[in-house]
>>> print(open('target06.pdb').read())   # PDB, C-alpha atoms, pLDDT in the B column
ATOM      1  CA  MET A 651     -70.415  17.149-148.096  1.00 44.00           C
ATOM      2  CA  GLU A 652     -66.947  16.197-149.309  1.00 67.00           C
ATOM      3  CA  ARG A 653     -64.249  18.824-148.952  1.00 84.00           C
ATOM      4  CA  SER A 654     -62.985  20.447-152.119  1.00 91.00           C
ATOM      5  CA  LEU A 655     -59.929  22.560-152.783  1.00 95.00           C
ATOM      6  CA  SER A 656     -59.757  26.036-154.251  1.00 96.00           C
ATOM      7  CA  CYS A 657     -57.495  26.842-157.194  1.00 97.00           C
ATOM      8  CA  GLU A 658     -55.066  28.527-154.812  1.00 97.00           C
ATOM      9  CA  GLU A 659     -54.921  25.436-152.592  1.00 96.00           C
ATOM     10  CA  VAL A 660     -54.351  23.181-155.598  1.00 97.00           C
ATOM     11  CA  LEU A 661     -51.588  25.355-157.021  1.00 96.00           C
ATOM     12  CA  LEU A 662     -49.842  25.375-153.636  1.00 96.00           C
ATOM     13  CA  ARG A 663     -49.922  21.552-153.638  1.00 96.00           C
ATOM     14  CA  LEU A 664     -49.142  21.008-157.319  1.00 96.00           C
ATOM     15  CA  ASP A 665     -45.414  20.299-156.952  1.00 94.00           C
ATOM     16  CA  ASP A 666     -46.057  17.773-154.202  1.00 95.00           C
ATOM     17  CA  TYR A 667     -48.901  16.274-156.250  1.00 97.00           C
ATOM     18  CA  LEU A 668     -46.619  15.807-159.255  1.00 95.00           C
ATOM     19  CA  ASP A 669     -43.963  14.267-157.001  1.00 93.00           C
ATOM     20  CA  ARG A 670     -46.630  12.046-155.370  1.00 94.00           C
ATOM     21  CA  GLU A 671     -45.705  13.387-151.936  1.00 95.00           C
ATOM     22  CA  LEU A 672     -49.240  14.130-150.723  1.00 96.00           C
ATOM     23  CA  SER A 673     -51.347  11.861-148.591  1.00 96.00           C
ATOM     24  CA  ALA A 674     -53.822   9.643-150.456  1.00 96.00           C
ATOM     25  CA  ASP A 675     -56.675  11.935-149.390  1.00 95.00           C
ATOM     26  CA  GLU A 676     -54.911  15.058-150.630  1.00 95.00           C
ATOM     27  CA  MET A 677     -53.956  13.340-153.898  1.00 97.00           C
ATOM     28  CA  ALA A 678     -57.634  12.544-154.420  1.00 96.00           C
ATOM     29  CA  LEU A 679     -58.723  16.102-153.620  1.00 96.00           C
ATOM     30  CA  VAL A 680     -56.221  17.596-156.050  1.00 97.00           C
ATOM     31  CA  ALA A 681     -57.142  15.064-158.746  1.00 97.00           C
ATOM     32  CA  ALA A 682     -60.835  15.845-158.296  1.00 96.00           C
ATOM     33  CA  HIS A 683     -60.165  19.566-158.666  1.00 97.00           C
ATOM     34  CA  LEU A 684     -57.996  19.003-161.745  1.00 97.00           C
ATOM     35  CA  ALA A 685     -60.784  16.961-163.326  1.00 97.00           C
ATOM     36  CA  ASP A 686     -63.178  19.921-162.974  1.00 96.00           C
ATOM     37  CA  CYS A 687     -60.916  22.964-163.454  1.00 97.00           C
ATOM     38  CA  ALA A 688     -59.459  23.551-166.911  1.00 97.00           C
ATOM     39  CA  VAL A 689     -57.161  26.350-165.697  1.00 97.00           C
ATOM     40  CA  CYS A 690     -55.522  24.245-162.978  1.00 97.00           C
ATOM     41  CA  ALA A 691     -55.413  21.188-165.253  1.00 98.00           C
ATOM     42  CA  SER A 692     -53.567  23.259-167.847  1.00 98.00           C
ATOM     43  CA  GLU A 693     -51.037  24.374-165.230  1.00 97.00           C
ATOM     44  CA  GLN A 694     -50.631  20.759-164.086  1.00 98.00           C
ATOM     45  CA  ARG A 695     -49.962  19.600-167.661  1.00 97.00           C
ATOM     46  CA  PHE A 696     -47.438  22.406-168.168  1.00 97.00           C
ATOM     47  CA  GLU A 697     -45.553  21.640-164.953  1.00 96.00           C
ATOM     48  CA  ALA A 698     -45.653  17.887-165.624  1.00 96.00           C
ATOM     49  CA  GLY A 699     -44.171  18.560-169.059  1.00 96.00           C
ATOM     50  CA  VAL A 700     -41.364  20.665-167.584  1.00 95.00           C
ATOM     51  CA  LEU A 701     -40.548  17.918-165.074  1.00 92.00           C
ATOM     52  CA  ALA A 702     -40.570  15.255-167.794  1.00 93.00           C
ATOM     53  CA  SER A 703     -38.230  17.355-169.914  1.00 94.00           C
ATOM     54  CA  ILE A 704     -35.814  17.889-167.019  1.00 91.00           C
ATOM     55  CA  LYS A 705     -35.843  14.181-166.133  1.00 88.00           C
ATOM     56  CA  ASP A 706     -35.165  13.280-169.762  1.00 90.00           C
ATOM     57  CA  LYS A 707     -32.229  15.673-169.945  1.00 89.00           C
ATOM     58  CA  LEU A 708     -30.801  14.403-166.662  1.00 84.00           C
ATOM     59  CA  ARG A 709     -30.883  10.831-167.960  1.00 86.00           C
ATOM     60  CA  ARG A 710     -28.579  11.917-170.793  1.00 86.00           C
ATOM     61  CA  VAL A 711     -26.007  13.654-168.574  1.00 83.00           C
ATOM     62  CA  ARG A 712     -22.765  11.760-168.405  1.00 85.00           C
ATOM     63  CA  MET A 713     -20.458  12.269-165.471  1.00 85.00           C
ATOM     64  CA  SER A 714     -17.089  10.934-164.538  1.00 90.00           C
ATOM     65  CA  ASP A 715     -16.679   8.289-161.872  1.00 90.00           C
ATOM     66  CA  THR A 716     -14.849  10.895-159.765  1.00 93.00           C
ATOM     67  CA  MET A 717     -17.744  13.334-159.935  1.00 89.00           C
ATOM     68  CA  ARG A 718     -20.257  10.569-159.146  1.00 87.00           C
ATOM     69  CA  ALA A 719     -18.177   9.558-156.091  1.00 91.00           C
ATOM     70  CA  GLN A 720     -17.996  13.183-154.910  1.00 90.00           C
ATOM     71  CA  ILE A 721     -21.754  13.635-155.231  1.00 88.00           C
ATOM     72  CA  LEU A 722     -22.481  10.404-153.374  1.00 89.00           C
ATOM     73  CA  ALA A 723     -20.029  11.375-150.628  1.00 89.00           C
ATOM     74  CA  ARG A 724     -21.745  14.752-150.192  1.00 90.00           C
ATOM     75  CA  LEU A 725     -25.156  13.100-150.076  1.00 89.00           C
ATOM     76  CA  ARG A 726     -23.962  10.697-147.390  1.00 89.00           C
ATOM     77  CA  HIS A 727     -22.158  13.420-145.398  1.00 86.00           C
ATOM     78  CA  PRO A 728     -23.713  16.790-146.281  1.00 79.00           C
ATOM     79  CA  ASP A 729     -21.832  18.701-143.549  1.00 80.00           C
ATOM     80  CA  SER A 730     -18.370  17.694-144.826  1.00 73.00           C
ATOM     81  CA  PRO A 731     -16.398  20.160-146.967  1.00 66.00           C
TER      82      PRO A 731
END
>>> encode(input="target06.pdb", output="structure tokens")
Amino acid sequence: MERSLSCEEVLLRLDDYLDRELSADEMALVAAHLADCAVCASEQRFEAGVLASIKDKLRRVRMSDTMRAQILARLRHPDSP
């Protein structure tokens, strides 16, 4: 018998599922659950919509070259002030 996930297990993995950060096996388990569970599928659609909206808004943010350089410097050296 193939393993299946409960709603609780799926909801705990949903962010990672949407970010495609689960293993292939876990992605398949979550997808199988979402195909059968309307409640979890609805939550997945809602969260996917929120992420899409945030990504769209971030694409429209304009920043100065100075700010971009500061962000990149912090990403490269997170412990620097």
>>> atom_distance(input="target06.pdb", atom1="atom CA of Leu701 of chain A", atom2="atom CA of Glu676 of chain A")
20.6 Å
>>> atom_distance(input="target06.pdb", atom1="atom CA of Gln694 of chain A", atom2="atom CA of Leu664 of chain A")
6.9 Å
>>> atom_distance(input="target06.pdb", atom1="atom CA of Phe696 of chain A", atom2="atom CA of Arg670 of chain A")
16.5 Å
>>> closest_residue(input="target06.pdb", among="A:Val711, A:Ala678, A:Asp665, A:Ile721", to="Arg695 of chain A", atoms="all atoms listed in the file")
A:Asp665
>>> residues_around(input="target06.pdb", residues="Asp686 of chain A", least_positions_apart="6", cutoff="12 Å", atoms="only C-alpha atoms", output="list in words")
Ser654, Leu655, Ser656, Cys657, Val660, Leu679, Val680 and Ser692 of chain A
>>> closest_residue(input="target06.pdb", among="A:Glu659, A:Asp669, A:Asp729, A:Asp715", to="Ala702 of chain A", atoms="only C-alpha atoms")
A:Asp669
>>> closest_residue(input="target06.pdb", among="A:Asp675, A:Leu722, A:His683, A:Asp666", to="Glu697 of chain A", atoms="all atoms listed in the file")
A:Asp666
>>> axis_aligned_box(input="target06.pdb", around="segment 722-725 of chain A", padding_each_side="3 Å", output="lines of an AutoDock Vina configuration file")
center_x = -22.6
center_y = 12.6
center_z = -151.7
size_x = 11.1
size_y = 10.3
size_z = 9.3
>>> decode(input="target06.pdb", residues="segment 659-670 of chain A", atoms="all heavy atoms", output="PDB file, in the first residue's frame")
ATOM      1  N   GLU A 659      -0.460  16.881   7.628  1.00  0.00           N
ATOM      2  CA  GLU A 659       0.867  16.696   7.033  1.00  0.00           C
ATOM      3  C   GLU A 659       1.018  17.522   5.759  1.00  0.00           C
ATOM      4  O   GLU A 659       2.076  18.097   5.500  1.00  0.00           O
ATOM      5  CB  GLU A 659       1.115  15.216   6.740  1.00  0.00           C
ATOM      6  CG  GLU A 659       1.275  14.361   7.978  1.00  0.00           C
ATOM      7  CD  GLU A 659       1.321  12.882   7.662  1.00  0.00           C
ATOM      8  OE1 GLU A 659       0.455  12.384   6.895  1.00  0.00           O
ATOM      9  OE2 GLU A 659       2.242  12.215   8.188  1.00  0.00           O
ATOM     10  N   VAL A 660      -0.039  17.578   4.966  1.00  0.00           N
ATOM     11  CA  VAL A 660       0.015  18.354   3.721  1.00  0.00           C
ATOM     12  C   VAL A 660       0.143  19.843   4.031  1.00  0.00           C
ATOM     13  O   VAL A 660       0.974  20.543   3.444  1.00  0.00           O
ATOM     14  CB  VAL A 660      -1.221  18.075   2.836  1.00  0.00           C
ATOM     15  CG1 VAL A 660      -1.338  19.089   1.708  1.00  0.00           C
ATOM     16  CG2 VAL A 660      -1.148  16.662   2.278  1.00  0.00           C
ATOM     17  N   LEU A 661      -0.649  20.327   4.965  1.00  0.00           N
ATOM     18  CA  LEU A 661      -0.601  21.750   5.292  1.00  0.00           C
ATOM     19  C   LEU A 661       0.755  22.152   5.865  1.00  0.00           C
ATOM     20  O   LEU A 661       1.230  23.262   5.618  1.00  0.00           O
ATOM     21  CB  LEU A 661      -1.737  22.114   6.238  1.00  0.00           C
ATOM     22  CG  LEU A 661      -3.138  21.982   5.623  1.00  0.00           C
ATOM     23  CD1 LEU A 661      -4.216  22.276   6.656  1.00  0.00           C
ATOM     24  CD2 LEU A 661      -3.307  22.851   4.395  1.00  0.00           C
ATOM     25  N   LEU A 662       1.396  21.255   6.594  1.00  0.00           N
ATOM     26  CA  LEU A 662       2.739  21.531   7.109  1.00  0.00           C
ATOM     27  C   LEU A 662       3.777  21.606   5.989  1.00  0.00           C
ATOM     28  O   LEU A 662       4.797  22.284   6.125  1.00  0.00           O
ATOM     29  CB  LEU A 662       3.163  20.469   8.127  1.00  0.00           C
ATOM     30  CG  LEU A 662       2.459  20.539   9.479  1.00  0.00           C
ATOM     31  CD1 LEU A 662       2.812  19.306  10.316  1.00  0.00           C
ATOM     32  CD2 LEU A 662       2.811  21.820  10.220  1.00  0.00           C
ATOM     33  N   ARG A 663       3.516  20.916   4.881  1.00  0.00           N
ATOM     34  CA  ARG A 663       4.455  20.883   3.753  1.00  0.00           C
ATOM     35  C   ARG A 663       4.085  21.860   2.631  1.00  0.00           C
ATOM     36  O   ARG A 663       4.809  21.985   1.659  1.00  0.00           O
ATOM     37  CB  ARG A 663       4.506  19.469   3.174  1.00  0.00           C
ATOM     38  CG  ARG A 663       5.168  18.442   4.053  1.00  0.00           C
ATOM     39  CD  ARG A 663       4.981  17.041   3.467  1.00  0.00           C
ATOM     40  NE  ARG A 663       5.752  16.028   4.132  1.00  0.00           N
ATOM     41  CZ  ARG A 663       5.396  15.427   5.257  1.00  0.00           C
ATOM     42  NH1 ARG A 663       4.273  15.750   5.857  1.00  0.00           N
ATOM     43  NH2 ARG A 663       6.161  14.496   5.794  1.00  0.00           N
ATOM     44  N   LEU A 664       2.965  22.545   2.760  1.00  0.00           N
ATOM     45  CA  LEU A 664       2.434  23.320   1.647  1.00  0.00           C
ATOM     46  C   LEU A 664       3.382  24.419   1.171  1.00  0.00           C
ATOM     47  O   LEU A 664       3.571  24.596  -0.040  1.00  0.00           O
ATOM     48  CB  LEU A 664       1.066  23.900   2.010  1.00  0.00           C
ATOM     49  CG  LEU A 664       0.197  24.344   0.860  1.00  0.00           C
ATOM     50  CD1 LEU A 664       0.073  23.283  -0.225  1.00  0.00           C
ATOM     51  CD2 LEU A 664      -1.180  24.715   1.364  1.00  0.00           C
ATOM     52  N   ASP A 665       3.994  25.149   2.078  1.00  0.00           N
ATOM     53  CA  ASP A 665       4.937  26.197   1.653  1.00  0.00           C
ATOM     54  C   ASP A 665       6.086  25.604   0.853  1.00  0.00           C
ATOM     55  O   ASP A 665       6.460  26.134  -0.196  1.00  0.00           O
ATOM     56  CB  ASP A 665       5.482  26.963   2.862  1.00  0.00           C
ATOM     57  CG  ASP A 665       4.449  27.889   3.483  1.00  0.00           C
ATOM     58  OD1 ASP A 665       3.486  28.281   2.787  1.00  0.00           O
ATOM     59  OD2 ASP A 665       4.606  28.221   4.677  1.00  0.00           O
ATOM     60  N   ASP A 666       6.658  24.523   1.361  1.00  0.00           N
ATOM     61  CA  ASP A 666       7.763  23.880   0.653  1.00  0.00           C
ATOM     62  C   ASP A 666       7.295  23.284  -0.673  1.00  0.00           C
ATOM     63  O   ASP A 666       8.041  23.280  -1.655  1.00  0.00           O
ATOM     64  CB  ASP A 666       8.409  22.801   1.523  1.00  0.00           C
ATOM     65  CG  ASP A 666       9.151  23.393   2.713  1.00  0.00           C
ATOM     66  OD1 ASP A 666       9.570  24.568   2.636  1.00  0.00           O
ATOM     67  OD2 ASP A 666       9.316  22.684   3.719  1.00  0.00           O
ATOM     68  N   TYR A 667       6.072  22.795  -0.718  1.00  0.00           N
ATOM     69  CA  TYR A 667       5.510  22.268  -1.965  1.00  0.00           C
ATOM     70  C   TYR A 667       5.406  23.389  -3.001  1.00  0.00           C
ATOM     71  O   TYR A 667       5.833  23.229  -4.149  1.00  0.00           O
ATOM     72  CB  TYR A 667       4.136  21.662  -1.697  1.00  0.00           C
ATOM     73  CG  TYR A 667       3.411  21.177  -2.931  1.00  0.00           C
ATOM     74  CD1 TYR A 667       3.720  19.949  -3.500  1.00  0.00           C
ATOM     75  CD2 TYR A 667       2.417  21.949  -3.523  1.00  0.00           C
ATOM     76  CE1 TYR A 667       3.057  19.502  -4.636  1.00  0.00           C
ATOM     77  CE2 TYR A 667       1.744  21.505  -4.647  1.00  0.00           C
ATOM     78  CZ  TYR A 667       2.072  20.285  -5.200  1.00  0.00           C
ATOM     79  OH  TYR A 667       1.419  19.845  -6.331  1.00  0.00           O
ATOM     80  N   LEU A 668       4.875  24.529  -2.587  1.00  0.00           N
ATOM     81  CA  LEU A 668       4.714  25.653  -3.504  1.00  0.00           C
ATOM     82  C   LEU A 668       6.065  26.189  -3.973  1.00  0.00           C
ATOM     83  O   LEU A 668       6.191  26.670  -5.097  1.00  0.00           O
ATOM     84  CB  LEU A 668       3.896  26.762  -2.851  1.00  0.00           C
ATOM     85  CG  LEU A 668       2.427  26.421  -2.626  1.00  0.00           C
ATOM     86  CD1 LEU A 668       1.757  27.468  -1.739  1.00  0.00           C
ATOM     87  CD2 LEU A 668       1.687  26.273  -3.945  1.00  0.00           C
ATOM     88  N   ASP A 669       7.070  26.096  -3.113  1.00  0.00           N
ATOM     89  CA  ASP A 669       8.418  26.540  -3.471  1.00  0.00           C
ATOM     90  C   ASP A 669       9.227  25.440  -4.158  1.00  0.00           C
ATOM     91  O   ASP A 669      10.394  25.645  -4.479  1.00  0.00           O
ATOM     92  CB  ASP A 669       9.170  27.018  -2.228  1.00  0.00           C
ATOM     93  CG  ASP A 669       8.587  28.293  -1.656  1.00  0.00           C
ATOM     94  OD1 ASP A 669       7.935  29.051  -2.408  1.00  0.00           O
ATOM     95  OD2 ASP A 669       8.760  28.534  -0.445  1.00  0.00           O
ATOM     96  N   ARG A 670       8.619  24.281  -4.340  1.00  0.00           N
ATOM     97  CA  ARG A 670       9.256  23.114  -4.975  1.00  0.00           C
ATOM     98  C   ARG A 670      10.537  22.704  -4.241  1.00  0.00           C
ATOM     99  O   ARG A 670      11.551  22.395  -4.854  1.00  0.00           O
ATOM    100  CB  ARG A 670       9.543  23.396  -6.444  1.00  0.00           C
ATOM    101  CG  ARG A 670       8.292  23.565  -7.264  1.00  0.00           C
ATOM    102  CD  ARG A 670       8.596  23.921  -8.705  1.00  0.00           C
ATOM    103  NE  ARG A 670       7.403  24.067  -9.487  1.00  0.00           N
ATOM    104  CZ  ARG A 670       6.719  25.204  -9.644  1.00  0.00           C
ATOM    105  NH1 ARG A 670       7.125  26.287  -9.033  1.00  0.00           N
ATOM    106  NH2 ARG A 670       5.655  25.249 -10.394  1.00  0.00           N
TER     107      ARG A 670
END
